[in-house]
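Source file: target08.cif. Holds: mmCIF, N, CA and C atoms.
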data_final
loop_
_atom_site.label_atom_id
_atom_site.label_comp_id
_atom_site.auth_asym_id
_atom_site.auth_seq_id
_atom_site.Cartn_x
_atom_site.Cartn_y
_atom_site.Cartn_z
N MET N 18 12.43 2.39 -44.61
CA MET N 18 12.35 2.85 -43.22
C MET N 18 11.02 2.42 -42.60
N LYS N 19 9.91 2.58 -43.37
CA LYS N 19 8.60 2.18 -42.85
C LYS N 19 8.54 0.68 -42.60
N LEU N 20 9.19 -0.08 -43.48
CA LEU N 20 9.18 -1.53 -43.34
C LEU N 20 9.91 -1.95 -42.06
N LEU N 21 11.03 -1.29 -41.76
CA LEU N 21 11.78 -1.58 -40.55
C LEU N 21 10.95 -1.22 -39.32
N PHE N 22 10.29 -0.09 -39.37
CA PHE N 22 9.44 0.35 -38.25
C PHE N 22 8.28 -0.63 -38.05
N GLY N 23 7.67 -1.09 -39.14
CA GLY N 23 6.57 -2.05 -39.05
C GLY N 23 7.02 -3.38 -38.45
N LYS N 24 8.19 -3.85 -38.85
CA LYS N 24 8.73 -5.10 -38.27
C LYS N 24 9.00 -4.93 -36.78
N PHE N 25 9.51 -3.77 -36.42
CA PHE N 25 9.79 -3.51 -35.02
C PHE N 25 8.51 -3.54 -34.20
N ILE N 26 7.47 -2.91 -34.67
CA ILE N 26 6.17 -2.90 -33.99
C ILE N 26 5.63 -4.32 -33.88
N PHE N 27 5.73 -5.09 -34.96
CA PHE N 27 5.25 -6.48 -34.96
C PHE N 27 5.98 -7.31 -33.91
N VAL N 28 7.30 -7.18 -33.84
CA VAL N 28 8.09 -7.93 -32.85
C VAL N 28 7.71 -7.51 -31.44
N MET N 29 7.50 -6.23 -31.21
CA MET N 29 7.13 -5.75 -29.87
C MET N 29 5.76 -6.29 -29.45
N ILE N 30 4.82 -6.35 -30.38
CA ILE N 30 3.50 -6.89 -30.06
C ILE N 30 3.61 -8.37 -29.69
N ILE N 31 4.39 -9.12 -30.45
CA ILE N 31 4.58 -10.54 -30.16
C ILE N 31 5.22 -10.72 -28.79
N LEU N 32 6.21 -9.92 -28.46
CA LEU N 32 6.88 -10.03 -27.17
C LEU N 32 5.95 -9.67 -26.02
N LEU N 33 5.08 -8.71 -26.23
CA LEU N 33 4.15 -8.32 -25.17
C LEU N 33 3.06 -9.36 -24.94
N MET N 34 2.68 -10.08 -25.98
CA MET N 34 1.62 -11.08 -25.85
C MET N 34 2.13 -12.40 -25.31
N SER N 35 3.39 -12.70 -25.48
CA SER N 35 3.91 -14.01 -25.09
C SER N 35 3.82 -14.29 -23.59
N PRO N 36 4.12 -13.34 -22.69
CA PRO N 36 3.97 -13.67 -21.26
C PRO N 36 2.53 -14.00 -20.89
N GLY N 37 1.56 -13.33 -21.50
CA GLY N 37 0.16 -13.61 -21.21
C GLY N 37 -0.21 -15.03 -21.60
N CYS N 38 0.31 -15.50 -22.70
CA CYS N 38 0.01 -16.87 -23.14
C CYS N 38 0.60 -17.89 -22.20
N ILE N 39 1.76 -17.61 -21.66
CA ILE N 39 2.41 -18.56 -20.76
C ILE N 39 1.62 -18.71 -19.47
N TYR N 40 1.14 -17.59 -18.91
CA TYR N 40 0.48 -17.63 -17.62
C TYR N 40 -0.97 -18.13 -17.70
N GLN N 41 -1.53 -18.22 -18.85
CA GLN N 41 -2.91 -18.69 -18.96
C GLN N 41 -3.01 -20.20 -18.79
N ASN N 42 -1.95 -20.92 -18.92
CA ASN N 42 -1.99 -22.37 -18.90
C ASN N 42 -1.84 -22.96 -17.50
N LYS N 43 -2.34 -22.31 -16.49
CA LYS N 43 -2.27 -22.85 -15.13
C LYS N 43 -3.35 -23.90 -14.96
N SER N 44 -3.01 -24.94 -14.23
CA SER N 44 -3.99 -25.98 -14.00
C SER N 44 -4.95 -25.54 -12.89
N ARG N 45 -6.03 -26.26 -12.77
CA ARG N 45 -7.05 -25.92 -11.79
C ARG N 45 -6.51 -26.06 -10.37
N THR N 46 -5.71 -27.07 -10.14
CA THR N 46 -5.18 -27.27 -8.78
C THR N 46 -4.25 -26.13 -8.39
N VAL N 47 -3.48 -25.62 -9.34
CA VAL N 47 -2.58 -24.51 -9.04
C VAL N 47 -3.39 -23.27 -8.70
N ILE N 48 -4.44 -23.01 -9.46
CA ILE N 48 -5.29 -21.84 -9.20
C ILE N 48 -5.95 -21.96 -7.83
N LYS N 49 -6.46 -23.16 -7.51
CA LYS N 49 -7.09 -23.37 -6.20
C LYS N 49 -6.08 -23.17 -5.07
N ALA N 50 -4.85 -23.68 -5.26
CA ALA N 50 -3.83 -23.54 -4.24
C ALA N 50 -3.46 -22.06 -4.02
N GLU N 51 -3.39 -21.30 -5.11
CA GLU N 51 -3.09 -19.88 -4.99
C GLU N 51 -4.20 -19.15 -4.26
N ARG N 52 -5.43 -19.48 -4.57
CA ARG N 52 -6.56 -18.84 -3.87
C ARG N 52 -6.55 -19.18 -2.39
N LYS N 53 -6.28 -20.45 -2.08
CA LYS N 53 -6.25 -20.87 -0.69
C LYS N 53 -5.13 -20.15 0.05
N ALA N 54 -3.97 -20.02 -0.58
CA ALA N 54 -2.86 -19.32 0.04
C ALA N 54 -3.22 -17.85 0.27
N GLY N 55 -3.92 -17.25 -0.69
CA GLY N 55 -4.36 -15.87 -0.53
C GLY N 55 -5.31 -15.70 0.62
N ARG N 56 -6.25 -16.63 0.75
CA ARG N 56 -7.20 -16.57 1.87
C ARG N 56 -6.48 -16.75 3.20
N MET N 57 -5.51 -17.65 3.24
CA MET N 57 -4.77 -17.88 4.49
C MET N 57 -3.96 -16.64 4.87
N ASP N 58 -3.36 -15.98 3.88
CA ASP N 58 -2.61 -14.76 4.15
C ASP N 58 -3.52 -13.67 4.70
N LYS N 59 -4.69 -13.55 4.10
CA LYS N 59 -5.65 -12.54 4.55
C LYS N 59 -6.10 -12.83 5.98
N LYS N 60 -6.35 -14.11 6.27
CA LYS N 60 -6.78 -14.50 7.61
C LYS N 60 -5.66 -14.23 8.62
N ARG N 61 -4.43 -14.54 8.23
CA ARG N 61 -3.27 -14.31 9.11
C ARG N 61 -3.10 -12.83 9.40
N GLU N 62 -3.29 -12.00 8.38
CA GLU N 62 -3.18 -10.55 8.58
C GLU N 62 -4.27 -10.06 9.53
N GLY N 63 -5.48 -10.60 9.39
CA GLY N 63 -6.57 -10.20 10.27
C GLY N 63 -6.31 -10.56 11.71
N THR N 64 -5.83 -11.77 11.95
CA THR N 64 -5.54 -12.18 13.33
C THR N 64 -4.38 -11.36 13.88
N TYR N 65 -3.38 -11.09 13.05
CA TYR N 65 -2.25 -10.27 13.51
C TYR N 65 -2.73 -8.89 13.93
N GLU N 66 -3.61 -8.30 13.13
CA GLU N 66 -4.11 -6.96 13.42
C GLU N 66 -4.93 -6.95 14.71
N ARG N 67 -5.77 -7.96 14.90
CA ARG N 67 -6.56 -8.04 16.14
C ARG N 67 -5.64 -8.18 17.35
N ASP N 68 -4.65 -9.06 17.26
CA ASP N 68 -3.73 -9.26 18.37
C ASP N 68 -2.94 -7.99 18.68
N ARG N 69 -2.54 -7.28 17.63
CA ARG N 69 -1.78 -6.04 17.81
C ARG N 69 -2.62 -5.00 18.54
N LYS N 70 -3.89 -4.86 18.14
CA LYS N 70 -4.77 -3.89 18.80
C LYS N 70 -5.02 -4.26 20.26
N LYS N 71 -5.18 -5.57 20.50
CA LYS N 71 -5.40 -6.03 21.87
C LYS N 71 -4.17 -5.73 22.74
N GLU N 72 -2.99 -5.94 22.18
CA GLU N 72 -1.76 -5.68 22.92
C GLU N 72 -1.60 -4.18 23.20
N LEU N 73 -1.92 -3.34 22.23
CA LEU N 73 -1.83 -1.89 22.45
C LEU N 73 -2.80 -1.44 23.54
N LYS N 74 -4.00 -2.01 23.52
CA LYS N 74 -4.99 -1.67 24.54
C LYS N 74 -4.49 -2.10 25.92
N HIS N 75 -3.90 -3.28 25.99
CA HIS N 75 -3.38 -3.77 27.27
C HIS N 75 -2.26 -2.87 27.78
N ARG N 76 -1.36 -2.45 26.88
CA ARG N 76 -0.26 -1.57 27.28
C ARG N 76 -0.80 -0.25 27.83
N TYR N 77 -1.89 0.23 27.24
CA TYR N 77 -2.49 1.47 27.70
C TYR N 77 -3.12 1.28 29.07
N GLU N 78 -3.81 0.15 29.26
CA GLU N 78 -4.55 -0.08 30.50
C GLU N 78 -3.64 -0.29 31.71
N ILE N 79 -2.44 -0.80 31.52
CA ILE N 79 -1.58 -1.08 32.67
C ILE N 79 -0.85 0.16 33.16
N GLN N 80 -0.99 1.28 32.45
CA GLN N 80 -0.32 2.51 32.86
C GLN N 80 -1.14 3.24 33.92
N THR N 81 -0.47 4.16 34.63
CA THR N 81 -1.18 4.98 35.61
C THR N 81 -2.02 6.02 34.86
N LYS N 82 -2.90 6.69 35.60
CA LYS N 82 -3.81 7.65 34.98
C LYS N 82 -3.05 8.82 34.33
N GLU N 83 -1.98 9.28 34.99
CA GLU N 83 -1.21 10.40 34.43
C GLU N 83 -0.54 10.00 33.12
N VAL N 84 0.01 8.80 33.10
CA VAL N 84 0.68 8.32 31.90
C VAL N 84 -0.33 8.10 30.79
N GLN N 85 -1.51 7.58 31.14
CA GLN N 85 -2.55 7.39 30.13
C GLN N 85 -2.94 8.72 29.50
N LYS N 86 -3.01 9.76 30.33
CA LYS N 86 -3.36 11.09 29.84
C LYS N 86 -2.29 11.59 28.86
N ARG N 87 -1.00 11.40 29.22
CA ARG N 87 0.08 11.82 28.34
C ARG N 87 0.08 11.02 27.03
N MET N 88 -0.19 9.71 27.15
CA MET N 88 -0.23 8.87 25.95
C MET N 88 -1.34 9.33 25.01
N LYS N 89 -2.50 9.64 25.58
CA LYS N 89 -3.64 10.09 24.78
C LYS N 89 -3.33 11.41 24.09
N GLN N 90 -2.69 12.32 24.82
CA GLN N 90 -2.34 13.62 24.26
C GLN N 90 -1.31 13.47 23.13
N SER N 91 -0.30 12.64 23.34
CA SER N 91 0.72 12.48 22.30
C SER N 91 0.13 11.78 21.07
N LYS N 92 -0.83 10.88 21.28
CA LYS N 92 -1.48 10.23 20.15
C LYS N 92 -2.27 11.25 19.33
N LYS N 93 -2.97 12.16 20.01
CA LYS N 93 -3.72 13.20 19.31
C LYS N 93 -2.79 14.10 18.51
N GLU N 94 -1.66 14.47 19.12
CA GLU N 94 -0.70 15.33 18.42
C GLU N 94 -0.12 14.63 17.19
N ALA N 95 0.18 13.35 17.33
CA ALA N 95 0.73 12.60 16.20
C ALA N 95 -0.28 12.49 15.06
N GLU N 96 -1.54 12.23 15.41
CA GLU N 96 -2.58 12.14 14.38
C GLU N 96 -2.77 13.48 13.67
N LYS N 97 -2.73 14.56 14.42
CA LYS N 97 -2.87 15.89 13.83
C LYS N 97 -1.70 16.18 12.89
N PHE N 98 -0.50 15.86 13.32
CA PHE N 98 0.69 16.08 12.49
C PHE N 98 0.62 15.25 11.22
N ASN N 99 0.21 14.00 11.32
CA ASN N 99 0.12 13.13 10.15
C ASN N 99 -0.96 13.60 9.18
N ARG N 100 -2.07 14.10 9.71
CA ARG N 100 -3.11 14.64 8.83
C ARG N 100 -2.58 15.84 8.05
N GLU N 101 -1.83 16.69 8.70
CA GLU N 101 -1.27 17.86 8.03
C GLU N 101 -0.26 17.46 6.97
N MET N 102 0.52 16.43 7.23
CA MET N 102 1.53 15.99 6.27
C MET N 102 0.88 15.40 5.02
N ARG N 103 -0.30 14.83 5.14
CA ARG N 103 -0.98 14.23 3.99
C ARG N 103 -1.69 15.25 3.12
N LYS N 104 -1.73 16.49 3.53
CA LYS N 104 -2.48 17.50 2.78
C LYS N 104 -1.64 18.16 1.69
N HIS N 105 -0.60 17.50 1.21
CA HIS N 105 0.22 18.06 0.15
C HIS N 105 -0.56 18.13 -1.15
N ASP N 106 -0.09 19.00 -2.02
CA ASP N 106 -0.68 19.08 -3.36
C ASP N 106 -0.34 17.82 -4.13
N PRO N 107 -1.13 17.51 -5.14
CA PRO N 107 -0.82 16.35 -5.99
C PRO N 107 0.53 16.52 -6.67
N PHE N 108 1.07 15.40 -7.10
CA PHE N 108 2.41 15.37 -7.69
C PHE N 108 2.55 16.32 -8.87
N PHE N 109 1.58 16.30 -9.78
CA PHE N 109 1.71 17.11 -10.99
C PHE N 109 1.69 18.61 -10.68
N LYS N 110 0.94 19.02 -9.64
CA LYS N 110 0.92 20.43 -9.28
C LYS N 110 2.27 20.86 -8.72
N ARG N 111 2.87 20.02 -7.89
CA ARG N 111 4.19 20.35 -7.35
C ARG N 111 5.22 20.40 -8.46
N LEU N 112 5.12 19.48 -9.42
CA LEU N 112 6.06 19.44 -10.54
C LEU N 112 5.95 20.71 -11.38
N ILE N 113 4.74 21.12 -11.70
CA ILE N 113 4.53 22.33 -12.49
C ILE N 113 5.05 23.54 -11.73
N ARG N 114 4.81 23.58 -10.45
CA ARG N 114 5.28 24.70 -9.64
C ARG N 114 6.80 24.79 -9.68
N LYS N 115 7.49 23.63 -9.60
CA LYS N 115 8.95 23.63 -9.66
C LYS N 115 9.45 24.07 -11.03
N ILE N 116 8.77 23.65 -12.08
CA ILE N 116 9.20 24.01 -13.43
C ILE N 116 9.10 25.51 -13.65
N PHE N 117 7.96 26.09 -13.27
CA PHE N 117 7.76 27.52 -13.51
C PHE N 117 8.50 28.39 -12.51
N LYS N 118 8.96 27.82 -11.42
CA LYS N 118 9.70 28.59 -10.43
C LYS N 118 11.09 28.93 -10.95
N LYS N 119 11.67 28.07 -11.79
CA LYS N 119 13.03 28.28 -12.30
C LYS N 119 13.11 29.41 -13.28
#

Serialized structure, structure tokens:
Amino acid sequence: MKLLFGKFIFVMIILLMSPGCIYQNKSRTVIKAERKAGRMDKKREGTYERDRKKELKHRYEIQTKEVQKRMKQSKKEAEKFNREMRKHDPFFKRLIRKIFKK
């Protein structure tokens, strides 16, 4: 029984190490291309975020003063609601509470 268990552990270790060996053999050009793609994605996300904020600001500015006031108030209410929703207990505390409640 111990011999079977030992073989099983040995096979599992070999299987876990094999993907790491495969991915280590990347060429330098592939690594550079991946880094460049990562930088381009990051840059694209940054420009998208700037454009989105600019558009939101423009949408706010073209409204009348009364509408701007309502927009500001609803934004405050939404932020307050979202802050309250994030104040939940950690997962393990909720789990323990459910277990002992039964």

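The two atoms in question, atom CA of N:Ile113 and atom N of N:Arg100, are spaced 24.6 Å apart.
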
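Atom CA of N:Lys71 is found 17.5 Å from atom C of N:Val84.
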
For this session: Record the distance separating atom C of N:Lys92 and atom CA of N:Lys74, expressed in Å with one decimal.
Result: 14.2 Å
